[in-house]
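Encoded as structure tokens, the structure appears first; notes follow it.
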Protein chains: 2
Amino acid sequence: MKARVLVVEDNPDLAFGLRNNLEIEGYEVALAEDGPTGAAQALEWRPDLVILDLMLPGMDGFRVLRTIREAGFAAPVLMLTARGEESDKVKGLRSGADDYVTKPFGVLELLARVEVLLRRAPTTRDATTAGFGTVRIDRATRVVTRDGAPVSLAPMEYELLLALLDREGAVVSRTDLMRSVWGYDESIVSRTVDTHVVELRRKLESDPSAPRHILTVRKAGYRLQP
Amino acid sequence: MKARVLVVEDNPDLAFGLRNNLEIEGYEVALAEDGPTGAAQALEWRPDLVILDLMLPGMDGFRVLRTIREAGFAAPVLMLTARGEESDKVKGLRSGADDYVTKPFGVLELLARVEVLLRRAPTTRDATTAGFGTVRIDRATRVVTRDGAPVSLAPMEYELLLALLDREGAVVSRTDLMRSVWGYDESIVSRTVDTHVVELRRKLESDPSAPRHILTVRKAGYRLQP
DNA sequence: GGCATCCTGACGGTTCGCTGACATCATCGA
DNA sequence: TCGATGATGTCAGCGAACCGTCAGGATGCC
């Protein structure tokens, strides 16, 4: 799963530049441009890492850091600042930051430091298991069980199941399924989706001919009933 | 328990200065003044943190770092150097260091960074063995046993095993394995990973053709079942 | 130079996924 | 109520993707 990085920085050029670079590295990125917003977003969005500018409108970086740490936020924080004074660095590090980089900095160095921080504090927000009825799906292990017994799903079947699960309760059209599972978006002419749905029902429903969870919505698509 | 810090630094003034300051902070400190000694001491003494100069007699810092990491040394390493080039920093961080400080530096900043590194990676001197089935892996000594008997693993096999072990239970893609074991992230076209997995199974599974722990997840990667 | 180790490419077995034909079902108008 | 119509369920088979395996050659270390 993509690690999430929150960038709290009021200079738009720098913020957008960072976002681009982080996204290229495969992170999911959010921006906040003042202190209070940053703190709120850290607590709500639960990023795996925060890049925090020290000089911010509204509330400075130190206060943001203290606020979120007091609220129990444990992920690493990288402080970013123009002040190169040693006393500032020490203050930043002692107040709960995990790294401290002074501007101007090299983007590659920053990215390397981000990687190191995430390596040491691996993402723990796994949101792993979900399910319906007596079926459990563990995304980390890709193991699916029904009534506690493991069920063997073919790769495409598993992907299809996830696509339905991601929109649990909603009707998902065949075209949408094609797009999210197969990556095309041509219009469907074949029985491909249906065939896999049948197989899923056979493996996961107690009575495959009268499904209670993997439901057909005529002329619209399929729906996963929790 | 006092945290142990190993300082690998050939300049006596700097080394003694660091030792004094670290001891005042309450750490147990050892000094090494060349690369080979440093590497040996890291592996024998098992410090909780290593401060490693880049320019050393005998073996440079990068090689020391690689050597001890390959030997399973997991504690944080702080690199210390006169070279301020960004490419050096990136190289250091990517090759397994956890922080990188350029000379001249402030002692207080260094101490703060030491504190942060130790905070994130609390002393784990004892919890070095893990395993699955009848297989035990001791990261400290790099010894792997099965049914109590030692098994000889080639370096890459060992690294691969660690990579799987670090995400025990979860599916690890070939690309992820490539990245964490080989340091690459190009897309895979060859049978490299598979070949090594086969070898691991041959050495660690009781029935290599019907593995119970090192499992294949079709189209996704491999998974280590505890 | 000898040895272990590593990577690669080829080959073969097995599983998987798509397709198209046909059966069945739901819906709606007569 | 019943048949027409279109949508969905079902099935079997073929081609392809994927993985396990192996041997040869390259590489690095002692």
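Numbering starts fresh at 1 for the residues of each chain in the structure tokens, the chains themselves are lettered A, B, ... in the order given, and ligands are numbered from 1 as they appear.
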
- Message: At a cut-off of 8 Å, using only C-alpha atoms (C1' of nucleotides), what residues contact Lys103 of chain A? Leave out same-chain residues fewer than 4 positions from it and give the result as an MDAnalysis selection string.
- Response: chainID A and resid 80:84

- Name the residues of segment 4-191 of chain B that come out as helix (DSSP H, G or I) in a backbone DSSP run; write them as JSON, numbers by chain. {"B": [12, 13, 14, 15, 16, 17, 18, 19, 20, 21, 22, 23, 24, 35, 36, 37, 38, 39, 40, 41, 42, 43, 44, 45, 61, 62, 63, 64, 65, 66, 67, 68, 69, 70, 86, 87, 88, 89, 90, 91, 92, 93, 94, 107, 108, 109, 110, 111, 112, 113, 114, 115, 116, 117, 118, 119, 120, 155, 156, 157, 158, 159, 160, 161, 162, 163, 164, 165, 166, 174, 175, 176, 177, 178, 179, 180, 181, 182]}

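Matched residue by residue, the Cα atoms of chain B sit on those of chain A with an RMSD of 16.3 Å after a least-squares fit.
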
- Query: Near chain B, which residues of chain D fall within 12 Å when you count only C-alpha atoms (C1' of nucleotides), and what do they look like as JSON, numbers by chain?
  - Reply: {"D": [17, 18, 19, 20, 21, 22]}

Once you have the residues from the selection above, write them out as a PDB file, in the first residue's frame, restricted to C-alpha atoms (C1' of nucleotides).
```pdb
ATOM      1  C1'  DA D  17       0.230 -16.521 -18.811  1.00  0.00           C
ATOM      2  C1'  DC D  18       2.659 -17.855 -15.017  1.00  0.00           C
ATOM      3  C1'  DC D  19       5.704 -20.479 -12.260  1.00  0.00           C
ATOM      4  C1'  DG D  20       9.131 -24.307 -11.247  1.00  0.00           C
ATOM      5  C1'  DT D  21      13.227 -26.149 -12.764  1.00  0.00           C
ATOM      6  C1'  DC D  22      17.675 -26.602 -14.747  1.00  0.00           C
TER       7       DC D  22
END
```

Kindly provide the residues of chain B that approach chain A to within 8 Å, each paired with its closest atom pair and their distance in Å to one decimal, based on only C-alpha atoms, listed by chain and increasing number, as a tab-separated table.
```
residue	atom	partner	partner_atom	distance
B:Glu86	CA	A:Glu109	CA	6.2
B:Ser87	CA	A:Glu109	CA	7.8
B:Lys89	CA	A:Glu109	CA	6.4
B:Val90	CA	A:Glu109	CA	5.3
B:Leu93	CA	A:Ala112	CA	6.1
B:Arg94	CA	A:Ala112	CA	6.5
B:Ala97	CA	A:Val116	CA	7.9
B:Asp98	CA	A:Val116	CA	6.0
B:Asp99	CA	A:Arg113	CA	7.6
B:Gly106	CA	A:Glu86	CA	6.6
B:Leu108	CA	A:Val90	CA	6.6
B:Glu109	CA	A:Val90	CA	5.3
B:Ala112	CA	A:Val90	CA	5.8
B:Arg113	CA	A:Leu93	CA	6.9
B:Val116	CA	A:Asp98	CA	6.0
B:Leu117	CA	A:Asp98	CA	7.7
B:Arg120	CA	A:Arg120	CA	7.3
B:Ala121	CA	A:Arg120	CA	7.4
B:Gly169	CA	A:Thr141	CA	5.9
B:Ala170	CA	A:Thr141	CA	4.3
B:Val171	CA	A:Thr141	CA	5.2
B:Arg218	CA	A:Pro155	CA	6.7
B:Lys219	CA	A:Pro155	CA	6.5
B:Arg223	CA	A:Thr141	CA	7.3
```

- Within 8 Å of chain B, which residues of chain C show up when using only C-alpha atoms (C1' of nucleotides), listed as a ChimeraX atom specification? /C:5,7-9

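Take atom CA of Leu224 of chain B and atom CA of Ala74 of chain B: the distance between them is 20.5 Å.
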
- Any idea what's packed within 9 Å of Val144 of chain A, counting only C-alpha atoms (C1' of nucleotides), ignoring anything in its chain fewer than 6 positions away? Could you give it as a ChimeraX atom specification? /A:131,135-138,150-153,158

Save the residues we just selected, C-alpha atoms, as a PDB file, in the first residue's frame?
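This went into result.pdb:
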```pdb
ATOM      1  CA  GLY A 131     -15.731  -9.172   4.607  1.00  0.00           C
ATOM      2  CA  VAL A 135     -16.468 -14.476   4.456  1.00  0.00           C
ATOM      3  CA  ARG A 136     -13.262 -12.707   5.543  1.00  0.00           C
ATOM      4  CA  ILE A 137     -10.791 -11.052   3.204  1.00  0.00           C
ATOM      5  CA  ASP A 138      -7.284 -10.189   4.371  1.00  0.00           C
ATOM      6  CA  PRO A 150      -9.506 -20.874   3.477  1.00  0.00           C
ATOM      7  CA  VAL A 151     -10.934 -20.486  -0.001  1.00  0.00           C
ATOM      8  CA  SER A 152      -8.679 -20.600  -3.024  1.00  0.00           C
ATOM      9  CA  LEU A 153      -9.406 -17.775  -5.457  1.00  0.00           C
ATOM     10  CA  TYR A 158      -9.651 -11.991  -6.149  1.00  0.00           C
TER      11      TYR A 158
END
```

- Message: Among segment 136-204 of chain B, which residues does DSSP mark as strand (DSSP E) when it is run on the backbone? Keep the chain and numbering as in the structure and answer as number ranges by chain.
- Response: B: 136-138, 143-146, 149-151, 171-172

Identify, on the basis of only C-alpha atoms (C1' of nucleotides), every residue whose closest approach to DT5 of chain D does not exceed 12 Å; exclude the query and any residue fewer than 4 positions from it along the same chain; express the result as a CSV table (one decimal) with N, CA and C atoms (P, O5', C5', C4', C3', O3' and C1' of nucleotides), in the first residue's frame.
```
chain,number,residue,atom,x,y,z
C,25,DC,P,-34.6,-21.1,-14.5
C,25,DC,O5',-34.7,-19.5,-14.3
C,25,DC,C5',-33.5,-18.8,-13.9
C,25,DC,C4',-33.8,-17.3,-14.3
C,25,DC,C3',-35.1,-16.8,-13.8
C,25,DC,O3',-34.9,-15.7,-12.9
C,25,DC,C1',-34.6,-16.1,-16.1
C,26,DA,P,-36.1,-15.1,-12.1
C,26,DA,O5',-36.3,-13.7,-12.8
C,26,DA,C5',-35.2,-12.8,-12.7
C,26,DA,C4',-35.6,-11.6,-13.6
C,26,DA,C3',-36.9,-10.9,-13.2
C,26,DA,O3',-36.6,-9.5,-13.1
C,26,DA,C1',-37.0,-11.5,-15.5
C,27,DT,P,-37.7,-8.5,-12.6
C,27,DT,O5',-38.3,-7.9,-13.9
C,27,DT,C5',-37.4,-7.4,-14.9
C,27,DT,C4',-38.3,-7.1,-16.2
C,27,DT,C3',-39.6,-6.4,-15.9
C,27,DT,O3',-39.6,-5.2,-16.6
C,27,DT,C1',-39.8,-8.2,-17.4
C,28,DC,P,-40.7,-4.1,-16.3
C,28,DC,O5',-41.5,-4.1,-17.7
C,28,DC,C5',-40.8,-4.3,-18.9
C,28,DC,C4',-41.8,-4.6,-20.0
C,28,DC,C3',-43.2,-4.0,-19.8
C,28,DC,O3',-43.7,-3.5,-21.1
C,28,DC,C1',-43.4,-6.3,-20.1
C,29,DG,P,-44.8,-2.4,-21.1
C,29,DG,O5',-45.6,-2.8,-22.4
C,29,DG,C5',-44.8,-3.3,-23.5
C,29,DG,C4',-45.7,-4.3,-24.3
C,29,DG,C3',-47.1,-3.9,-24.5
C,29,DG,O3',-47.5,-4.3,-25.8
C,29,DG,C1',-47.1,-5.9,-23.3
```

- Message: Which residues are close to Pro36 of chain A, i.e. within 8 Å by only C-alpha atoms (C1' of nucleotides), leaving aside same-chain residues fewer than 3 positions away? Reply as number ranges by chain.
- Response: A: 39-40, 58-59, 64

- Task: Using only C-alpha atoms (C1' of nucleotides), determine which residues lie at most 8 Å from segment 51-54 of chain B, disregarding the query and same-chain residues fewer than 2 positions distant; provide the list as a VMD selection string.
- Result: chain B and resid 5 to 10 49 56 60 to 62 77 to 81

Residue subset to file, keeping C-alpha atoms, as a compact mmCIF listing (two decimals), in the first residue's frame:
```
# COMPACT_ATOMS: atom_id res chain seq x y z
CA VAL B 5 27.04 3.77 21.05
CA LEU B 6 29.97 2.78 18.86
CA VAL B 7 31.99 5.64 17.37
CA VAL B 8 34.08 4.73 14.32
CA GLU B 9 36.33 7.72 13.70
CA ASP B 10 40.04 7.99 13.01
CA LEU B 49 23.75 2.93 17.47
CA LEU B 56 38.57 5.79 7.39
CA ASP B 60 35.77 3.28 4.00
CA GLY B 61 32.48 3.98 5.73
CA PHE B 62 30.32 2.73 2.88
CA VAL B 77 23.80 4.10 11.78
CA LEU B 78 24.60 7.80 11.69
CA MET B 79 27.07 8.78 9.00
CA LEU B 80 29.52 11.52 9.66
CA THR B 81 31.55 13.14 6.95
```

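By only C-alpha atoms (C1' of nucleotides), and with residues fewer than 3 positions from DC29 of chain D along its chain excluded, the set lying at most 12 Å from it is DG1, DG2, DC3, DA4 and DT5 of chain C.
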
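For the residues A:Gly26, A:Gly221, A:Pro104, A:Gly72, ranking by smallest atom-to-atom distance to Thr175 of chain A using only C-alpha atoms places A:Gly221 first.
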
- If you measure from atom C1' of DA21 of chain C to atom CA of Val181 of chain A, what distance in Å do you get, rounded to one decimal? 25.5 Å
